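To start, the structure under review is shown below, and the notes come after it.
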Amino acid sequence: MSNRYVIILAAGKGTRMKSRLYKVLHPVAGRAMVDHVLTQVEKIEPDLIETVIGNGADKVRDLLGDRTNYALQEEQLGTANAVMQAEKDLGNKEGITLIVNGDTPLFTADTFEKLLDYHEKEEAAVTILTAHADNPFGYGRIVRDNGGNVEKIVEQKDASRSEQEIQEINTGVLCFDNKLLFENLHKVNNDNAQGEYYLPDVISLLKEQGKKVSAFEMADLSESLGVNDRVALSQAEKIMQRRINEAHMRDGVTIVDPDNTYIDIDVEIGNDTVIEPNVKIFGKTTIGSECVIGSGSRISDSEIQDNVEVISSTIESAIMHKGSNVGPNSHLRPKAEIGRDVHIGNFCEVKNAKIGDRTKVGHLTYVGDATLGTDINVGCGVVFVNYDGVKKWHSNIGDHSFIGSNSNIIAPVEMADHSFIAAGSTITNDIPKHAMAIARERQTNKEDFWERLPLSKSEDWK
Ligand code: UD1
Ligand code: CA
């Protein structure tokens, strides 16, 4: 097998995206498009990967790190000019070079492998990966002669009326004999509608030199989508989403309505977990087995262990241990750690707080900057008052303690094991073991208050 090299083109600005974010950095299912391309390319284990960067070069480099070599294209003069920047690393090498655009996030390593194998078998100078598109607008068209041989690729803006009818498109994935590629790149001119140096023009040059030009039409058209604008971005997202959801379903996850379930590519989910409609799971989230993720939930960068139930809740950078549950309508914010078999009910918020096993926080409660032990009962409407306007303060609540409803715990407070807070208390001091803190005005009843009211004289109110 010959040496294999890959060039990823990622220097363009992406004008048609109308975005401050450079095109190849736009995410699809939570991963930048150029990262999708690189991830698939890595799987074929090439001898060298070169990414051509320009617009947003630093950002692309920060993202991809040392997974690839880089070549800088100072000015975006076209795809042929972009490839030329890789000459210093690749110019005189023997082997095959695969070129992929950074804005085609749906290609799979399997397709690249098949193309490379075909190219080798055909002993071609270049092999174009083509696809049939119902709507070919925007793509380069494959022009074939009467014998069906590829003659050239013509870009949308340069295509005649009859050429625009052609539905076979250049997917942008091309496989070249490396030496012939670099010999010919210099000969490409920019005499075309966009005044750019087009990489596909190398094909006509090779043809003129009597070299073998071949084409490989791919089975699955959906892989070839090039993302030039937000419409295509949404289409790419849909296709990727379907792929991700199907993979989870094949692994034993029940996804009730895959069309309305959005799971980022790096998310892991255990079997027999049920995902209800309208759920979004982002980032590096892991979800265990036999969980239920209820409608309307959003979970990002979190660890959800086995047998957890999340009902219409938002969870960010938090951990839920086995058998715990949350919701409906609660919010676990960063550094919330929910222990085993803990119950967090409705309209609760937990932030930077550890909640011990079997503790219950049932309703309308805010727990921020606190450590709660095990087997605690937190009543309704409790507030951990953690912020004095300048600084955040931490409270500790001992095991088996009881916090009555509508209490405020003005941090910092230490509450020992087996201690109690009477409902409606505003707690500012520590509470020792076995004590009950009560901090509220005693009730007085004003007898016959009614008689003092002018109303009481009225006939209607007697
Ligand atoms: C390109 C192809 C077209 C093909 C389509 C497939 C050319 C001339 N056209 O068109 O035949 O059907 O892809 O999706 O090759 N880039 C650079 N430097 C540049 C210009 C572009 O690095 O100077 C990069 C871009 O970042 C992008 C890729 O090359 O990742 C393709 O450029 P783009 O402008 O999107 O080309 P298309 O018009 O889509
Ligand atoms: Ca493109």
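Just so we're on the same page: first chain in the structure tokens is A, next is B, and so on; residues restart at 1 for each chain, and ligands are numbered from 1 in the order they show up.
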Hey, what's within 12 Å of Phe182 of chain A if we count only C-alpha atoms and toss same-chain stuff fewer than 6 positions away? As a ChimeraX atom specification, please? /A:80-97,125,176,188,199,202,205-206
Distance limit 6 Å, reference ligand 1, atoms considered: only C-alpha atoms and all ligand atoms. Which residues make the cut? Give them as a short mmCIF file (atom, residue, chain, number, x, y, z; two decimals) with N, CA, C and O atoms, in the first residue's frame.
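This is the output file pocket-v7.cif:
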```
data_model
loop_
_atom_site.label_atom_id
_atom_site.label_comp_id
_atom_site.auth_asym_id
_atom_site.auth_seq_id
_atom_site.Cartn_x
_atom_site.Cartn_y
_atom_site.Cartn_z
N LEU A 9 -8.93 21.36 4.00
CA LEU A 9 -8.97 22.79 3.65
C LEU A 9 -9.88 23.54 4.61
O LEU A 9 -11.09 23.29 4.65
N ALA A 10 -9.29 24.43 5.38
CA ALA A 10 -10.07 25.10 6.42
C ALA A 10 -9.68 26.56 6.59
O ALA A 10 -9.74 27.11 7.68
N ALA A 11 -9.29 27.20 5.49
CA ALA A 11 -8.81 28.58 5.62
C ALA A 11 -9.87 29.61 5.25
O ALA A 11 -9.72 30.79 5.54
N GLY A 12 -10.96 29.16 4.63
CA GLY A 12 -11.98 30.10 4.14
C GLY A 12 -12.69 30.81 5.29
O GLY A 12 -12.66 30.38 6.44
N VAL A 52 -4.99 23.18 6.26
CA VAL A 52 -4.69 24.52 5.76
C VAL A 52 -5.58 25.51 6.49
O VAL A 52 -6.81 25.40 6.45
N GLN A 76 -6.97 34.14 0.87
CA GLN A 76 -7.82 33.05 0.39
C GLN A 76 -8.07 33.19 -1.11
O GLN A 76 -9.06 33.76 -1.54
N LEU A 77 -7.14 32.64 -1.87
CA LEU A 77 -7.18 32.81 -3.33
C LEU A 77 -7.83 31.63 -4.02
O LEU A 77 -7.80 31.55 -5.25
N GLY A 78 -8.36 30.69 -3.27
CA GLY A 78 -9.03 29.55 -3.88
C GLY A 78 -8.47 28.23 -3.38
O GLY A 78 -7.42 28.19 -2.73
N THR A 79 -9.20 27.15 -3.69
CA THR A 79 -8.84 25.84 -3.12
C THR A 79 -7.51 25.30 -3.65
O THR A 79 -6.78 24.62 -2.93
N ALA A 82 -4.92 27.02 -1.74
CA ALA A 82 -4.91 26.48 -0.37
C ALA A 82 -4.06 25.21 -0.31
O ALA A 82 -3.19 25.08 0.56
N ASN A 101 -12.66 19.01 2.22
CA ASN A 101 -13.00 20.36 2.70
C ASN A 101 -13.37 20.31 4.18
O ASN A 101 -13.99 19.34 4.64
N GLY A 102 -13.05 21.37 4.88
CA GLY A 102 -13.38 21.43 6.31
C GLY A 102 -14.84 21.71 6.59
O GLY A 102 -15.27 21.74 7.75
N ASP A 103 -15.63 21.92 5.53
CA ASP A 103 -17.04 22.25 5.74
C ASP A 103 -17.98 21.12 5.30
O ASP A 103 -19.14 21.34 5.01
N TYR A 139 -22.80 23.40 -6.04
CA TYR A 139 -21.67 22.46 -6.14
C TYR A 139 -21.02 22.53 -7.51
O TYR A 139 -21.64 22.93 -8.50
N GLY A 140 -19.76 22.07 -7.59
CA GLY A 140 -19.11 21.87 -8.87
C GLY A 140 -19.76 20.68 -9.57
O GLY A 140 -20.08 19.68 -8.93
N GLU A 155 -17.57 24.86 -11.93
CA GLU A 155 -18.19 25.44 -10.73
C GLU A 155 -19.54 26.09 -11.07
O GLU A 155 -19.77 26.50 -12.21
N ILE A 169 -22.35 15.73 -8.79
CA ILE A 169 -21.56 16.83 -8.22
C ILE A 169 -20.21 16.36 -7.68
O ILE A 169 -20.02 15.18 -7.36
N ASN A 170 -19.30 17.34 -7.57
CA ASN A 170 -18.02 17.13 -6.90
C ASN A 170 -18.26 17.27 -5.40
O ASN A 170 -18.68 18.33 -4.93
N THR A 171 -18.02 16.21 -4.64
CA THR A 171 -18.25 16.29 -3.19
C THR A 171 -17.15 17.09 -2.52
O THR A 171 -17.22 17.39 -1.33
N GLY A 172 -16.11 17.43 -3.27
CA GLY A 172 -14.97 18.15 -2.70
C GLY A 172 -13.90 17.19 -2.18
O GLY A 172 -12.81 17.62 -1.80
N TYR A 198 -8.93 27.30 -8.72
CA TYR A 198 -9.79 26.17 -8.38
C TYR A 198 -8.99 24.86 -8.35
O TYR A 198 -8.35 24.51 -9.35
N LEU A 199 -9.10 24.14 -7.28
CA LEU A 199 -8.45 22.82 -7.22
C LEU A 199 -8.96 21.86 -8.31
O LEU A 199 -8.16 21.17 -8.94
N PRO A 200 -10.27 21.83 -8.59
CA PRO A 200 -10.75 20.89 -9.62
C PRO A 200 -10.13 21.13 -10.99
O PRO A 200 -10.15 20.23 -11.84
N GLY A 226 -22.20 19.84 1.75
CA GLY A 226 -21.24 20.89 2.07
C GLY A 226 -21.99 22.03 2.74
O GLY A 226 -23.04 22.45 2.26
N ASN A 228 -22.38 25.64 3.43
CA ASN A 228 -21.97 27.00 3.07
C ASN A 228 -22.82 28.06 3.75
O ASN A 228 -22.41 29.19 3.89
#
```
Here is a test: counting only C-alpha atoms and all ligand atoms, which residue of A:Leu48, A:Met17, A:Leu332, A:Ile311 is nearest to ligand 2? A:Met17
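Using only C-alpha atoms, the nearest neighbour of Asp272 of chain A within the list A:Ile438, A:Leu64, A:Leu115, A:Val308 is A:Val308.
Shortest atom-to-atom contact with Ala437 of chain A among A:Arg358, A:Lys43, A:Arg16, A:His418: A:His418, counting only C-alpha atoms.
Distances here use only C-alpha atoms and all ligand atoms; by that measure, the residue among A:Tyr5, A:Phe137, A:Phe112, A:Tyr262 closest to ligand 2 is A:Phe137.
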Which neighbours of Asp388 of chain A fall inside 12 Å, counting only C-alpha atoms, when residues of the same chain fewer than 6 positions from it are skipped, and could you give them as a VMD selection string? chain A and resid 394 410 to 412
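The shortest atom-to-atom distance to Asn429 of chain A, with only C-alpha atoms taken into account, belongs to A:Met415 out of A:Met1, A:Val41, A:Met415, A:Val383.
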Residues within 12 Å of Val126 of chain A, please, as a ChimeraX atom specification. Count only C-alpha atoms; anything in the same chain fewer than 3 positions from it doesn't count. /A:95-99,115-116,118-123,129,150,152,173-181,184,199-207,210-216
Out of segment 345-424 of chain A, which residues get strand (DSSP E or B) from DSSP, as a PyMOL selection string? chain A and resi 345-346+349-355+360-363+366-372+377-378+383-385+387+392+395-397+402-403+408-410+414-415+420-421
Any chance you could export the current selection's N, CA and C atoms as a tab-separated table (two decimals), in the first residue's frame?
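selection-v4.tsv, written as the output of this step:
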```tsv
chain	number	residue	atom	x	y	z
A	345	GLY	N	-37.18	17.60	44.30
A	345	GLY	CA	-38.52	17.70	43.70
A	345	GLY	C	-38.65	18.83	42.71
A	346	ASN	N	-39.76	19.54	42.81
A	346	ASN	CA	-40.05	20.58	41.81
A	346	ASN	C	-39.66	21.97	42.26
A	349	GLU	N	-33.45	24.72	43.08
A	349	GLU	CA	-32.19	25.02	42.41
A	349	GLU	C	-31.07	24.60	43.33
A	350	VAL	N	-30.10	23.91	42.78
A	350	VAL	CA	-28.94	23.47	43.57
A	350	VAL	C	-27.69	23.93	42.85
A	351	LYS	N	-26.81	24.60	43.56
A	351	LYS	CA	-25.56	25.08	42.95
A	351	LYS	C	-24.40	24.89	43.90
A	352	ASN	N	-23.28	24.39	43.41
A	352	ASN	CA	-22.09	24.19	44.22
A	352	ASN	C	-22.45	23.61	45.58
A	353	ALA	N	-23.16	22.51	45.56
A	353	ALA	CA	-23.61	21.93	46.81
A	353	ALA	C	-23.60	20.41	46.69
A	354	LYS	N	-23.23	19.77	47.79
A	354	LYS	CA	-23.20	18.33	47.81
A	354	LYS	C	-24.37	17.87	48.68
A	355	ILE	N	-25.15	16.96	48.15
A	355	ILE	CA	-26.32	16.52	48.90
A	355	ILE	C	-26.16	15.04	49.18
A	360	LYS	N	-33.81	14.48	51.17
A	360	LYS	CA	-34.94	14.91	50.35
A	360	LYS	C	-35.06	16.44	50.34
A	361	VAL	N	-35.12	16.98	49.14
A	361	VAL	CA	-35.31	18.42	48.97
A	361	VAL	C	-36.51	18.54	48.03
A	362	GLY	N	-37.69	18.60	48.62
A	362	GLY	CA	-38.89	18.35	47.82
A	362	GLY	C	-39.42	19.49	46.98
A	363	HIS	N	-39.42	20.71	47.52
A	363	HIS	CA	-40.19	21.75	46.81
A	363	HIS	C	-39.61	23.14	47.03
A	366	TYR	N	-33.83	26.65	47.44
A	366	TYR	CA	-32.53	26.97	46.86
A	366	TYR	C	-31.42	26.48	47.77
A	367	VAL	N	-30.60	25.61	47.24
A	367	VAL	CA	-29.42	25.15	48.00
A	367	VAL	C	-28.19	25.61	47.23
A	368	GLY	N	-27.50	26.61	47.78
A	368	GLY	CA	-26.29	27.09	47.12
A	368	GLY	C	-25.14	27.12	48.10
A	369	ASP	N	-23.97	26.68	47.70
A	369	ASP	CA	-22.78	26.70	48.54
A	369	ASP	C	-23.02	26.01	49.88
A	370	ALA	N	-23.33	24.73	49.83
A	370	ALA	CA	-23.61	24.01	51.07
A	370	ALA	C	-23.23	22.55	50.93
A	371	THR	N	-22.96	21.93	52.11
A	371	THR	CA	-22.75	20.48	52.12
A	371	THR	C	-23.81	19.89	53.02
A	372	LEU	N	-24.66	19.06	52.44
A	372	LEU	CA	-25.72	18.43	53.22
A	372	LEU	C	-25.36	16.96	53.41
A	377	ASN	N	-34.16	15.90	55.84
A	377	ASN	CA	-35.39	16.34	55.21
A	377	ASN	C	-35.39	17.87	55.14
A	378	VAL	N	-35.44	18.37	53.92
A	378	VAL	CA	-35.49	19.83	53.74
A	378	VAL	C	-36.92	20.16	53.34
A	383	VAL	N	-34.40	28.49	51.95
A	383	VAL	CA	-33.38	29.21	51.18
A	383	VAL	C	-32.05	29.18	51.92
A	384	PHE	N	-31.03	28.70	51.24
A	384	PHE	CA	-29.66	28.83	51.75
A	384	PHE	C	-29.18	30.21	51.31
A	385	VAL	N	-29.15	31.11	52.26
A	385	VAL	CA	-28.81	32.50	51.94
A	385	VAL	C	-27.28	32.57	51.92
A	387	TYR	N	-25.15	34.57	49.95
A	387	TYR	CA	-24.46	35.72	49.38
A	387	TYR	C	-24.80	36.97	50.16
A	392	LYS	N	-19.53	34.89	48.78
A	392	LYS	CA	-20.38	33.70	48.96
A	392	LYS	C	-19.91	32.95	50.19
A	395	SER	N	-22.40	26.67	54.04
A	395	SER	CA	-23.01	26.07	55.24
A	395	SER	C	-22.88	24.56	55.20
A	396	ASN	N	-22.84	23.95	56.41
A	396	ASN	CA	-22.77	22.49	56.52
A	396	ASN	C	-23.95	22.00	57.34
A	397	ILE	N	-24.63	20.98	56.80
A	397	ILE	CA	-25.81	20.45	57.48
A	397	ILE	C	-25.55	18.98	57.80
A	402	PHE	N	-33.27	18.00	60.27
A	402	PHE	CA	-34.59	18.34	59.74
A	402	PHE	C	-34.67	19.85	59.61
A	403	ILE	N	-34.99	20.31	58.39
A	403	ILE	CA	-35.09	21.76	58.18
A	403	ILE	C	-36.55	22.07	57.85
A	408	ASN	N	-34.81	30.32	56.44
A	408	ASN	CA	-33.65	30.90	55.77
A	408	ASN	C	-32.41	30.52	56.56
A	409	ILE	N	-31.41	30.02	55.90
A	409	ILE	CA	-30.17	29.66	56.58
A	409	ILE	C	-29.13	30.65	56.11
A	410	ILE	N	-28.81	31.62	56.97
A	410	ILE	CA	-27.92	32.70	56.55
A	410	ILE	C	-26.48	32.26	56.78
A	414	GLU	N	-23.28	26.12	60.78
A	414	GLU	CA	-22.97	24.70	60.97
A	414	GLU	C	-24.15	24.09	61.71
A	415	MET	N	-24.74	23.12	61.13
A	415	MET	CA	-25.87	22.45	61.77
A	415	MET	C	-25.41	21.02	62.04
A	420	PHE	N	-32.47	20.20	64.46
A	420	PHE	CA	-33.74	20.59	63.85
A	420	PHE	C	-33.82	22.10	63.67
A	421	ILE	N	-34.51	22.51	62.63
A	421	ILE	CA	-34.86	23.93	62.49
A	421	ILE	C	-36.38	24.00	62.40
```
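For Ala232 of chain A, the list of residues within 12 Å, based on only C-alpha atoms and with local chain neighbours fewer than 4 positions off taken out, reads Arg16, Met17, Lys23, His26, Val28, Asp103, Thr104, Pro105, Leu106, Phe137, Gly138, Ser222, Ser224, Leu225, Gly226, Val227, Asn228, Ala236, Glu237, Lys238 and Ile239 of chain A.
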Just how far from atom CA of Arg250 of chain A is atom CA of Glu290 of chain A, in Å to one decimal? 15.4 Å
If we count only C-alpha atoms and set the cut-off at 9 Å, which residues sit around Val253 of chain A, ignoring sequence neighbours fewer than 5 positions away in its own chain? Please answer as a list in words. Asn245, Ala247, His248, Ile269, Gly270, Asn271, Asp272, Thr273, Val274, Ile275, Ser289 and Glu290 of chain A
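Residue nearest Phe107 of chain A, chosen from A:Ser313, A:Thr254, A:Gln40, A:Thr286 and counting only C-alpha atoms: A:Gln40.
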